[in-house]
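Source file: query.pdb (PDB, C-alpha atoms and all ligand atoms)
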```pdb
MODEL        1
ATOM      1  CA  MET D  14     -61.193-133.524  22.694
ATOM      2  CA  LYS D  15     -60.823-136.732  20.739
ATOM      3  CA  VAL D  16     -60.822-137.225  16.965
ATOM      4  CA  LEU D  17     -61.098-140.691  15.446
ATOM      5  CA  VAL D  18     -59.409-140.661  12.033
ATOM      6  CA  THR D  19     -59.788-143.677   9.784
ATOM      7  CA  GLY D  20     -57.951-144.683   6.580
ATOM      8  CA  PHE D  21     -58.932-147.388   4.088
ATOM      9  CA  ASP D  22     -56.736-150.301   3.070
ATOM     10  CA  PRO D  23     -55.681-150.733  -0.610
ATOM     11  CA  PHE D  24     -58.417-151.711  -3.080
ATOM     12  CA  GLY D  25     -58.862-152.414  -6.778
ATOM     13  CA  SER D  26     -55.568-152.743  -8.638
ATOM     14  CA  ASP D  27     -53.571-150.662  -6.138
ATOM     15  CA  LYS D  28     -51.130-152.160  -3.658
ATOM     16  CA  ILE D  29     -51.124-149.037  -1.505
ATOM     17  CA  ASN D  30     -53.788-146.627  -0.275
ATOM     18  CA  PRO D  31     -52.611-143.096   0.548
ATOM     19  CA  ALA D  32     -55.472-142.838   3.047
ATOM     20  CA  ILE D  33     -54.110-145.303   5.589
ATOM     21  CA  GLU D  34     -50.497-144.317   4.808
ATOM     22  CA  ALA D  35     -51.257-140.678   5.627
ATOM     23  CA  VAL D  36     -53.440-141.456   8.650
ATOM     24  CA  LYS D  37     -50.633-143.573  10.179
ATOM     25  CA  LYS D  38     -48.291-140.581   9.919
ATOM     26  CA  LEU D  39     -50.583-138.037  11.601
ATOM     27  CA  PRO D  40     -49.366-136.555  14.888
ATOM     28  CA  ASP D  41     -50.841-138.024  18.079
ATOM     29  CA  THR D  42     -52.232-134.644  19.079
ATOM     30  CA  ILE D  43     -53.369-131.711  16.918
ATOM     31  CA  LYS D  44     -54.092-128.372  18.624
ATOM     32  CA  GLY D  45     -54.579-130.234  21.895
ATOM     33  CA  ALA D  46     -56.985-132.850  20.490
ATOM     34  CA  LYS D  47     -56.098-136.516  20.828
ATOM     35  CA  ILE D  48     -55.914-138.285  17.458
ATOM     36  CA  ILE D  49     -57.012-141.940  17.345
ATOM     37  CA  LYS D  50     -55.912-143.656  14.114
ATOM     38  CA  LEU D  51     -57.702-146.650  12.663
ATOM     39  CA  GLU D  52     -57.280-148.735   9.504
ATOM     40  CA  ILE D  53     -60.566-149.916   8.023
ATOM     41  CA  PRO D  54     -61.296-152.415   5.235
ATOM     42  CA  THR D  55     -62.544-151.299   1.827
ATOM     43  CA  VAL D  56     -65.598-153.495   2.329
ATOM     44  CA  PHE D  57     -69.263-152.498   2.424
ATOM     45  CA  ASN D  58     -70.820-152.994   5.891
ATOM     46  CA  LYS D  59     -67.676-154.498   7.493
ATOM     47  CA  SER D  60     -66.039-151.052   7.374
ATOM     48  CA  ALA D  61     -69.026-149.666   9.278
ATOM     49  CA  GLN D  62     -68.842-152.426  11.900
ATOM     50  CA  VAL D  63     -65.178-151.628  12.529
ATOM     51  CA  VAL D  64     -65.877-147.900  12.873
ATOM     52  CA  HIS D  65     -68.889-148.568  15.110
ATOM     53  CA  GLN D  66     -66.724-150.635  17.483
ATOM     54  CA  ALA D  67     -64.136-147.863  17.629
ATOM     55  CA  ILE D  68     -66.771-145.195  18.349
ATOM     56  CA  VAL D  69     -68.167-147.300  21.206
ATOM     57  CA  LYS D  70     -64.668-147.911  22.600
ATOM     58  CA  GLU D  71     -63.135-144.459  22.144
ATOM     59  CA  GLN D  72     -66.194-142.179  22.461
ATOM     60  CA  PRO D  73     -64.701-139.586  20.104
ATOM     61  CA  ASP D  74     -66.060-136.083  19.683
ATOM     62  CA  TYR D  75     -65.339-136.232  15.953
ATOM     63  CA  VAL D  76     -64.927-138.906  13.300
ATOM     64  CA  LEU D  77     -63.028-138.082  10.117
ATOM     65  CA  ASN D  78     -62.922-140.848   7.506
ATOM     66  CA  VAL D  79     -60.184-140.503   4.891
ATOM     67  CA  GLY D  80     -60.218-142.155   1.465
ATOM     68  CA  GLN D  81     -58.389-142.133  -1.840
ATOM     69  CA  ALA D  82     -59.993-140.337  -4.763
ATOM     70  CA  GLY D  83     -57.760-141.258  -7.691
ATOM     71  CA  GLY D  84     -57.798-138.515 -10.300
ATOM     72  CA  ARG D  85     -58.455-135.636  -7.917
ATOM     73  CA  SER D  86     -55.660-133.082  -7.649
ATOM     74  CA  ALA D  87     -56.646-131.575  -4.296
ATOM     75  CA  LEU D  88     -57.664-132.524  -0.784
ATOM     76  CA  THR D  89     -61.441-132.492  -0.901
ATOM     77  CA  PRO D  90     -63.582-132.259   2.247
ATOM     78  CA  GLU D  91     -66.959-133.796   1.420
ATOM     79  CA  ARG D  92     -70.264-132.023   2.032
ATOM     80  CA  VAL D  93     -72.838-134.794   1.644
ATOM     81  CA  ALA D  94     -73.300-138.571   2.014
ATOM     82  CA  ILE D  95     -76.050-140.260  -0.031
ATOM     83  CA  ASN D  96     -78.101-143.395   0.689
ATOM     84  CA  ILE D  97     -76.848-145.586  -2.152
ATOM     85  CA  ASN D  98     -74.363-148.395  -2.704
ATOM     86  CA  ASP D  99     -73.434-148.581  -6.394
ATOM     87  CA  GLY D 100     -70.043-150.236  -6.876
ATOM     88  CA  ARG D 101     -68.030-149.579 -10.040
ATOM     89  CA  ILE D 102     -65.817-152.479  -8.901
ATOM     90  CA  PRO D 103     -66.286-155.158  -6.214
ATOM     91  CA  ASP D 104     -65.108-154.352  -2.698
ATOM     92  CA  ASN D 105     -62.230-156.253  -1.047
ATOM     93  CA  ASP D 106     -64.622-159.094  -0.134
ATOM     94  CA  GLY D 107     -65.810-159.394  -3.742
ATOM     95  CA  TYR D 108     -69.189-157.735  -3.169
ATOM     96  CA  GLN D 109     -70.449-155.325  -5.823
ATOM     97  CA  PRO D 110     -73.837-153.824  -4.928
ATOM     98  CA  LEU D 111     -75.765-152.071  -7.682
ATOM     99  CA  ASP D 112     -78.246-149.353  -6.725
ATOM    100  CA  GLU D 113     -78.950-150.620  -3.209
ATOM    101  CA  PRO D 114     -79.935-148.326  -0.355
ATOM    102  CA  ILE D 115     -77.381-148.323   2.467
ATOM    103  CA  GLN D 116     -80.099-148.030   5.102
ATOM    104  CA  PRO D 117     -83.713-148.526   3.940
ATOM    105  CA  ASP D 118     -84.991-146.367   6.810
ATOM    106  CA  GLY D 119     -82.232-143.760   6.551
ATOM    107  CA  ASP D 120     -82.518-140.282   5.085
ATOM    108  CA  THR D 121     -81.824-139.847   1.378
ATOM    109  CA  ALA D 122     -78.701-137.879   2.329
ATOM    110  CA  TYR D 123     -76.912-136.387   5.307
ATOM    111  CA  PHE D 124     -74.801-133.244   5.411
ATOM    112  CA  THR D 125     -71.537-133.406   7.336
ATOM    113  CA  GLN D 126     -71.225-131.643  10.698
ATOM    114  CA  LEU D 127     -67.609-130.727   9.883
ATOM    115  CA  PRO D 128     -66.585-127.157   8.954
ATOM    116  CA  ILE D 129     -65.629-128.061   5.379
ATOM    117  CA  LYS D 130     -65.002-124.481   4.263
ATOM    118  CA  ALA D 131     -62.757-123.770   7.247
ATOM    119  CA  MET D 132     -60.965-127.039   6.484
ATOM    120  CA  ALA D 133     -60.408-126.058   2.844
ATOM    121  CA  LYS D 134     -59.121-122.650   3.934
ATOM    122  CA  ALA D 135     -56.703-124.214   6.438
ATOM    123  CA  ILE D 136     -55.387-126.662   3.845
ATOM    124  CA  ARG D 137     -54.683-123.778   1.452
ATOM    125  CA  ALA D 138     -53.017-121.810   4.247
ATOM    126  CA  ALA D 139     -50.670-124.805   4.615
ATOM    127  CA  GLY D 140     -49.759-124.316   0.939
ATOM    128  CA  LEU D 141     -51.793-127.135  -0.567
ATOM    129  CA  PRO D 142     -54.804-127.283  -2.915
ATOM    130  CA  ALA D 143     -58.261-127.898  -1.460
ATOM    131  CA  ILE D 144     -61.718-128.036  -3.019
ATOM    132  CA  VAL D 145     -65.037-128.539  -1.220
ATOM    133  CA  SER D 146     -66.581-131.591  -2.892
ATOM    134  CA  ASN D 147     -70.287-132.239  -3.275
ATOM    135  CA  THR D 148     -70.024-135.946  -4.017
ATOM    136  CA  ALA D 149     -68.133-138.705  -2.248
ATOM    137  CA  GLY D 150     -69.160-141.137  -5.013
ATOM    138  CA  THR D 151     -71.237-144.294  -4.563
ATOM    139  CA  TYR D 152     -68.554-146.759  -3.415
ATOM    140  CA  VAL D 153     -67.191-147.617   0.041
ATOM    141  CA  CYS D 154     -66.130-144.049   0.854
ATOM    142  CA  ASN D 155     -69.629-142.632   0.497
ATOM    143  CA  HIS D 156     -70.826-145.779   2.283
ATOM    144  CA  ILE D 157     -68.768-145.226   5.435
ATOM    145  CA  PHE D 158     -69.520-141.487   5.437
ATOM    146  CA  TYR D 159     -73.258-142.314   5.240
ATOM    147  CA  GLN D 160     -73.082-145.131   7.803
ATOM    148  CA  VAL D 161     -71.406-142.925  10.410
ATOM    149  CA  GLN D 162     -74.072-140.262   9.842
ATOM    150  CA  TYR D 163     -76.765-142.909  10.244
ATOM    151  CA  MET D 164     -75.134-144.149  13.491
ATOM    152  CA  ARG D 165     -75.136-140.557  14.670
ATOM    153  CA  THR D 166     -78.880-140.198  14.153
ATOM    154  CA  LYS D 167     -79.599-143.541  15.870
ATOM    155  CA  GLU D 168     -77.005-143.830  18.632
ATOM    156  CA  PHE D 169     -74.471-141.015  18.949
ATOM    157  CA  PRO D 170     -76.352-137.703  18.679
ATOM    158  CA  LYS D 171     -73.422-135.631  19.956
ATOM    159  CA  LEU D 172     -70.967-137.013  17.417
ATOM    160  CA  LYS D 173     -69.747-134.785  14.583
ATOM    161  CA  ALA D 174     -68.475-136.596  11.536
ATOM    162  CA  GLY D 175     -67.376-136.259   7.970
ATOM    163  CA  PHE D 176     -65.141-137.363   5.153
ATOM    164  CA  ILE D 177     -62.161-136.138   3.184
ATOM    165  CA  HIS D 178     -60.876-137.550  -0.099
ATOM    166  CA  ILE D 179     -57.187-137.341  -1.013
ATOM    167  CA  PRO D 180     -55.243-137.763  -4.296
ATOM    168  CA  PHE D 181     -53.052-140.626  -5.491
ATOM    169  CA  LEU D 182     -49.443-140.816  -4.313
ATOM    170  CA  PRO D 183     -46.735-140.210  -6.974
ATOM    171  CA  GLU D 184     -45.812-143.913  -7.093
ATOM    172  CA  GLN D 185     -49.420-144.780  -7.979
ATOM    173  CA  VAL D 186     -49.363-142.682 -11.150
ATOM    174  CA  ILE D 187     -46.112-144.025 -12.637
ATOM    175  CA  THR D 188     -48.245-146.234 -14.848
ATOM    176  CA  ARG D 189     -51.143-143.770 -15.054
ATOM    177  CA  PRO D 190     -49.974-141.016 -17.384
ATOM    178  CA  ASN D 191     -51.455-137.543 -16.901
ATOM    179  CA  GLN D 192     -53.025-138.383 -13.533
ATOM    180  CA  PRO D 193     -52.440-135.935 -10.671
ATOM    181  CA  SER D 194     -50.748-137.012  -7.444
ATOM    182  CA  MET D 195     -49.602-135.534  -4.132
ATOM    183  CA  ALA D 196     -46.577-136.445  -2.010
ATOM    184  CA  LEU D 197     -47.372-138.325   1.195
ATOM    185  CA  ALA D 198     -45.770-135.640   3.376
ATOM    186  CA  ASP D 199     -48.014-133.014   1.769
ATOM    187  CA  ILE D 200     -51.143-135.117   2.272
ATOM    188  CA  VAL D 201     -50.187-135.519   5.943
ATOM    189  CA  LYS D 202     -49.587-131.769   6.217
ATOM    190  CA  GLY D 203     -52.948-131.005   4.598
ATOM    191  CA  LEU D 204     -54.863-133.462   6.766
ATOM    192  CA  THR D 205     -53.188-132.054   9.863
ATOM    193  CA  ALA D 206     -54.280-128.548   8.839
ATOM    194  CA  ALA D 207     -57.829-129.757   8.152
ATOM    195  CA  ILE D 208     -58.082-131.480  11.529
ATOM    196  CA  GLY D 209     -56.664-128.336  13.151
ATOM    197  CA  ALA D 210     -59.547-126.378  11.611
ATOM    198  CA  ILE D 211     -62.062-128.903  12.962
ATOM    199  CA  VAL D 212     -60.618-128.527  16.465
ATOM    200  CA  GLU D 213     -60.471-124.730  16.269
ATOM    201  CA  ARG D 214     -64.064-124.390  15.017
ATOM    202  CA  ASP D 215     -65.480-126.743  17.664
ATOM    203  CA  GLY D 216     -68.753-125.331  18.974
ATOM    204  CA  GLN D 217     -69.075-122.855  16.086
ATOM    205  CA  SER D 218     -70.660-123.099  12.678
ATOM    206  CA  ASP D 219     -68.550-123.194   9.520
ATOM    207  CA  ILE D 220     -67.045-120.006   8.103
ATOM    208  CA  LYS D 221     -68.898-118.162   5.349
ATOM    209  CA  ALA D 222     -66.821-118.436   2.196
ATOM    210  CA  VAL D 223     -67.377-118.879  -1.516
ATOM    211  CA  GLU D 224     -66.765-122.562  -2.267
ATOM    212  CA  GLY D 225     -69.775-123.347  -4.421
ATOM    213  CA  GLN D 226     -69.546-124.940  -7.837
ATOM    214  CA  ASN D 227     -71.634-124.669 -10.971
ATOM    215  CA  HIS D 228     -71.290-128.361 -11.798
TER     216      HIS D 228
HETATM  217  N1  LIG D 301     -61.478-144.854  -1.752
HETATM  218  C1  LIG D 301     -62.658-145.533  -2.231
HETATM  219  C2  LIG D 301     -62.934-146.604  -1.211
HETATM  220  C3  LIG D 301     -61.709-146.722  -0.394
HETATM  221  C4  LIG D 301     -60.904-145.529  -0.725
HETATM  222  O1  LIG D 301     -59.856-145.193  -0.181
HETATM  223  C5  LIG D 301     -63.813-144.587  -2.488
HETATM  224  O2  LIG D 301     -63.591-143.401  -2.805
HETATM  225  O3  LIG D 301     -64.972-145.016  -2.393
ENDMDL
END
```
Could you write out this file's structure as structure tokens?
Ligand code: PCA
Amino acid sequence: MKVLVTGFDPFGSDKINPAIEAVKKLPDTIKGAKIIKLEIPTVFNKSAQVVHQAIVKEQPDYVLNVGQAGGRSALTPERVAININDGRIPDNDGYQPLDEPIQPDGDTAYFTQLPIKAMAKAIRAAGLPAIVSNTAGTYVCNHIFYQVQYMRTKEFPKLKAGFIHIPFLPEQVITRPNQPSMALADIVKGLTAAIGAIVERDGQSDIKAVEGQNH
């Protein structure tokens, strides 16, 4: 089995992105699955081109895109990607779409094929906080999550794909008082546990567990 794991480069005012830092440190195999690691740009559309090329080249069974969610205190597997680009800030190429569909002929939203509840459980079993998230935002993270789902419907029907957001690193919150952070080694440990759950649940549906939220 092969899992393509991507991490974004730094964006906005940050000089570092925990996503690519953690992805680089993942083991080369997890529970027997080969892990392919790829840095992608925090750029609308270009990020999707880079991931598309890698899917064609590597033919992975799974794609897991990883991104920073500053302000979150837990690792958060994402449930749903929505068909909207709405940038709070410009991307790394200076493009700031407002309320544009990602794919005019795409579905309004796609649910992930990943076992997000099993992933959250595995992250907690590794001693780290996890929350199933119901929004990946409207910036490049939701964009890549949506684009990979769209590619799946058009070109790669056997692919299973999804997204996980991760917190800031401690050094990113030195000048951001009262913001949560997580050590890089812990993020790597949590991602490894989450990918382990993906590999273990292959061919099965997600576990039944209470992970819903009122708001
Ligand atoms: N986080 C941003 C884009 C790149 C990243 O790591 C997001 O959540 O959209």
Check which residues satisfy the PyMOL selection byres (((chain D and resi 209) around 12) and not hetatm) in the file shown, then give them as a short mmCIF file (atom, residue, chain, number, x, y, z; two decimals) with C-alpha atoms, in the frame of the given file.
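After the write, selection.cif holds the following:
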```
data_model
loop_
_atom_site.label_atom_id
_atom_site.label_comp_id
_atom_site.auth_asym_id
_atom_site.auth_seq_id
_atom_site.Cartn_x
_atom_site.Cartn_y
_atom_site.Cartn_z
CA MET D 14 -61.19 -133.52 22.69
CA VAL D 16 -60.82 -137.22 16.96
CA LEU D 39 -50.58 -138.04 11.60
CA PRO D 40 -49.37 -136.56 14.89
CA THR D 42 -52.23 -134.64 19.08
CA ILE D 43 -53.37 -131.71 16.92
CA LYS D 44 -54.09 -128.37 18.62
CA GLY D 45 -54.58 -130.23 21.90
CA ALA D 46 -56.98 -132.85 20.49
CA LYS D 47 -56.10 -136.52 20.83
CA ILE D 48 -55.91 -138.28 17.46
CA LEU D 127 -67.61 -130.73 9.88
CA PRO D 128 -66.58 -127.16 8.95
CA ILE D 129 -65.63 -128.06 5.38
CA ALA D 131 -62.76 -123.77 7.25
CA MET D 132 -60.96 -127.04 6.48
CA ALA D 133 -60.41 -126.06 2.84
CA LYS D 134 -59.12 -122.65 3.93
CA ALA D 135 -56.70 -124.21 6.44
CA ILE D 136 -55.39 -126.66 3.84
CA ALA D 138 -53.02 -121.81 4.25
CA ALA D 139 -50.67 -124.80 4.62
CA LYS D 202 -49.59 -131.77 6.22
CA GLY D 203 -52.95 -131.00 4.60
CA LEU D 204 -54.86 -133.46 6.77
CA THR D 205 -53.19 -132.05 9.86
CA ALA D 206 -54.28 -128.55 8.84
CA ALA D 207 -57.83 -129.76 8.15
CA ILE D 208 -58.08 -131.48 11.53
CA ALA D 210 -59.55 -126.38 11.61
CA ILE D 211 -62.06 -128.90 12.96
CA VAL D 212 -60.62 -128.53 16.46
CA GLU D 213 -60.47 -124.73 16.27
CA ARG D 214 -64.06 -124.39 15.02
CA ASP D 215 -65.48 -126.74 17.66
#
```
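Near ligand LIG 301 (chain D), at a distance of at most 6 Å and with only C-alpha atoms and all ligand atoms counted, sit the residues Phe21, Ala32, Thr55, Gly80, Gln81, Ala82, Tyr152, Val153, Cys154 and Asn155 of chain D.
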May I have the selected residues written with C-alpha atoms, as an mmCIF file, in the coordinates of the input?
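Produced file result.cif, reproduced below:
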```cif
data_model
loop_
_atom_site.group_PDB
_atom_site.id
_atom_site.type_symbol
_atom_site.label_atom_id
_atom_site.label_comp_id
_atom_site.auth_asym_id
_atom_site.auth_seq_id
_atom_site.Cartn_x
_atom_site.Cartn_y
_atom_site.Cartn_z
ATOM 1 C CA PHE D 21 -58.932 -147.388 4.088
ATOM 2 C CA ALA D 32 -55.472 -142.838 3.047
ATOM 3 C CA THR D 55 -62.544 -151.299 1.827
ATOM 4 C CA GLY D 80 -60.218 -142.155 1.465
ATOM 5 C CA GLN D 81 -58.389 -142.133 -1.840
ATOM 6 C CA ALA D 82 -59.993 -140.337 -4.763
ATOM 7 C CA TYR D 152 -68.554 -146.759 -3.415
ATOM 8 C CA VAL D 153 -67.191 -147.617 0.041
ATOM 9 C CA CYS D 154 -66.130 -144.049 0.854
ATOM 10 C CA ASN D 155 -69.629 -142.632 0.497
#
```
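Note that the spacing between CA of Gly20 in chain D and CA of Ala174 in chain D amounts to 14.2 Å.
Atom pair CA of Gly216 in chain D / CA of Lys130 in chain D has a distance of 15.2 Å (rounded to one decimal).
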Test item: axis-aligned box, all listed atoms of range 19-30 of chain D, 4 Å on each side, centre and edges in Å rounded to one decimal, as AutoDock Vina command-line options:
```
--center_x -55.5 --center_y -148.2 --center_z 0.6 --size_x 16.7 --size_y 17.1 --size_z 26.4
```
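The residue set within 6 Å of range 95-107 of chain D, counting only C-alpha atoms and dropping same-chain residues fewer than 6 places from it, reads Thr55, Val56, Glu113, Pro114, Ile115, Thr121, Ala122, Thr151 and Tyr152 of chain D.
Note that the spacing between CA of Pro31 in chain D and CA of Phe57 in chain D amounts to 19.2 Å.
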Using all atoms listed in the file, what table do you get, as CSV, when you list each residue of range 59-110 of chain D with an atom no more than 12 Å from range 186-200 of chain D, its nearest pair of atoms, and their distance in Å rounded to one decimal, rows by chain then rising number?
```
residue,atom,partner,partner_atom,distance
D:Val79,CA,D:Ile200,CA,10.8
D:Gly80,CA,D:Ile200,CA,11.5
D:Gln81,CA,D:Ser194,CA,10.8
D:Ala82,CA,D:Ser194,CA,10.2
D:Gly83,CA,D:Gln192,CA,8.1
D:Gly84,CA,D:Gln192,CA,5.8
D:Arg85,CA,D:Pro193,CA,6.6
D:Ser86,CA,D:Pro193,CA,5.3
D:Ala87,CA,D:Met195,CA,8.1
D:Leu88,CA,D:Ile200,CA,7.7
D:Thr89,CA,D:Ile200,CA,11.1
```
task: Take the PyMOL selection byres (((chain D and resi 158) around 8) and not hetatm), apply it to the structure above, and return the hits as a list of chain:residue names.
output: D:Asn78, D:Ala94, D:Cys154, D:Asn155, D:His156, D:Ile157, D:Tyr159, D:Gln160, D:Val161, D:Gln162, D:Ala174, D:Gly175, D:Phe176
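All protein and nucleic acid residues in the vicinity of (-66.8, -134.0, 0.8), that is within 8 Å when counting only C-alpha atoms, are D:Thr89, D:Pro90, D:Glu91, D:Arg92, D:Val93, D:Ile129, D:Val145, D:Ser146, D:Asn147, D:Thr148, D:Ala149, D:Gly175, D:Phe176, D:Ile177, D:His178.
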message: Here's the selection I'm unsure about, the PyMOL selection byres (((chain D and resi 50-53) around 8) and not hetatm); applied to the file above, which residues does it give, as a ChimeraX atom specification?
response: /D:17-22,33,36-37,48-49,54-55,60,63-64
Suppose we keep C-alpha atoms; can you now write the selection as a PDB file, in the coordinates of the input?
```pdb
ATOM      1  CA  LEU D  17     -61.098-140.691  15.446  1.00  0.00           C
ATOM      2  CA  VAL D  18     -59.409-140.661  12.033  1.00  0.00           C
ATOM      3  CA  THR D  19     -59.788-143.677   9.784  1.00  0.00           C
ATOM      4  CA  GLY D  20     -57.951-144.683   6.580  1.00  0.00           C
ATOM      5  CA  PHE D  21     -58.932-147.388   4.088  1.00  0.00           C
ATOM      6  CA  ASP D  22     -56.736-150.301   3.070  1.00  0.00           C
ATOM      7  CA  ILE D  33     -54.110-145.303   5.589  1.00  0.00           C
ATOM      8  CA  VAL D  36     -53.440-141.456   8.650  1.00  0.00           C
ATOM      9  CA  LYS D  37     -50.633-143.573  10.179  1.00  0.00           C
ATOM     10  CA  ILE D  48     -55.914-138.285  17.458  1.00  0.00           C
ATOM     11  CA  ILE D  49     -57.012-141.940  17.345  1.00  0.00           C
ATOM     12  CA  PRO D  54     -61.296-152.415   5.235  1.00  0.00           C
ATOM     13  CA  THR D  55     -62.544-151.299   1.827  1.00  0.00           C
ATOM     14  CA  SER D  60     -66.039-151.052   7.374  1.00  0.00           C
ATOM     15  CA  VAL D  63     -65.178-151.628  12.529  1.00  0.00           C
ATOM     16  CA  VAL D  64     -65.877-147.900  12.873  1.00  0.00           C
TER      17      VAL D  64
END
```
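Among the candidates D:Arg137, D:Tyr123, D:Tyr108, D:Val76, the residue lying nearest to Lys59 in chain D is D:Tyr108 (atoms considered: all atoms listed in the file).
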Using the partial input, fill out range 132-145 of chain D with N, CA, C and O atoms; write the result as a compact mmCIF listing (two decimals), keeping the file's coordinate frame.
```
# COMPACT_ATOMS: atom_id res chain seq x y z
N MET D 132 -61.99 -126.02 6.77
CA MET D 132 -60.96 -127.04 6.48
C MET D 132 -60.25 -126.72 5.17
O MET D 132 -59.02 -126.77 5.08
N ALA D 133 -61.02 -126.39 4.14
CA ALA D 133 -60.41 -126.06 2.84
C ALA D 133 -59.49 -124.85 2.98
O ALA D 133 -58.37 -124.83 2.44
N LYS D 134 -59.94 -123.86 3.74
CA LYS D 134 -59.12 -122.65 3.93
C LYS D 134 -57.80 -122.99 4.65
O LYS D 134 -56.73 -122.50 4.29
N ALA D 135 -57.90 -123.85 5.67
CA ALA D 135 -56.70 -124.21 6.44
C ALA D 135 -55.72 -125.02 5.59
O ALA D 135 -54.50 -124.86 5.71
N ILE D 136 -56.25 -125.87 4.72
CA ILE D 136 -55.39 -126.66 3.84
C ILE D 136 -54.62 -125.72 2.90
O ILE D 136 -53.41 -125.84 2.70
N ARG D 137 -55.34 -124.74 2.35
CA ARG D 137 -54.68 -123.78 1.45
C ARG D 137 -53.65 -122.94 2.21
O ARG D 137 -52.58 -122.64 1.69
N ALA D 138 -53.97 -122.60 3.45
CA ALA D 138 -53.02 -121.81 4.25
C ALA D 138 -51.74 -122.61 4.50
O ALA D 138 -50.67 -122.03 4.73
N ALA D 139 -51.86 -123.95 4.46
CA ALA D 139 -50.67 -124.80 4.62
C ALA D 139 -49.94 -124.97 3.27
O ALA D 139 -48.95 -125.70 3.19
N GLY D 140 -50.45 -124.31 2.23
CA GLY D 140 -49.76 -124.32 0.94
C GLY D 140 -50.18 -125.43 0.00
O GLY D 140 -49.46 -125.75 -0.95
N LEU D 141 -51.35 -125.99 0.24
CA LEU D 141 -51.79 -127.14 -0.57
C LEU D 141 -53.18 -126.89 -1.15
O LEU D 141 -53.99 -126.17 -0.55
N PRO D 142 -53.50 -127.52 -2.29
CA PRO D 142 -54.80 -127.28 -2.92
C PRO D 142 -55.94 -128.00 -2.19
O PRO D 142 -55.78 -129.14 -1.74
N ALA D 143 -57.07 -127.32 -2.09
CA ALA D 143 -58.26 -127.90 -1.46
C ALA D 143 -59.49 -127.46 -2.24
O ALA D 143 -59.55 -126.32 -2.72
N ILE D 144 -60.44 -128.34 -2.36
CA ILE D 144 -61.72 -128.04 -3.02
C ILE D 144 -62.82 -128.68 -2.19
O ILE D 144 -62.72 -129.86 -1.83
N VAL D 145 -63.87 -127.93 -1.87
CA VAL D 145 -65.04 -128.54 -1.22
C VAL D 145 -65.75 -129.39 -2.27
O VAL D 145 -66.08 -128.92 -3.35
```
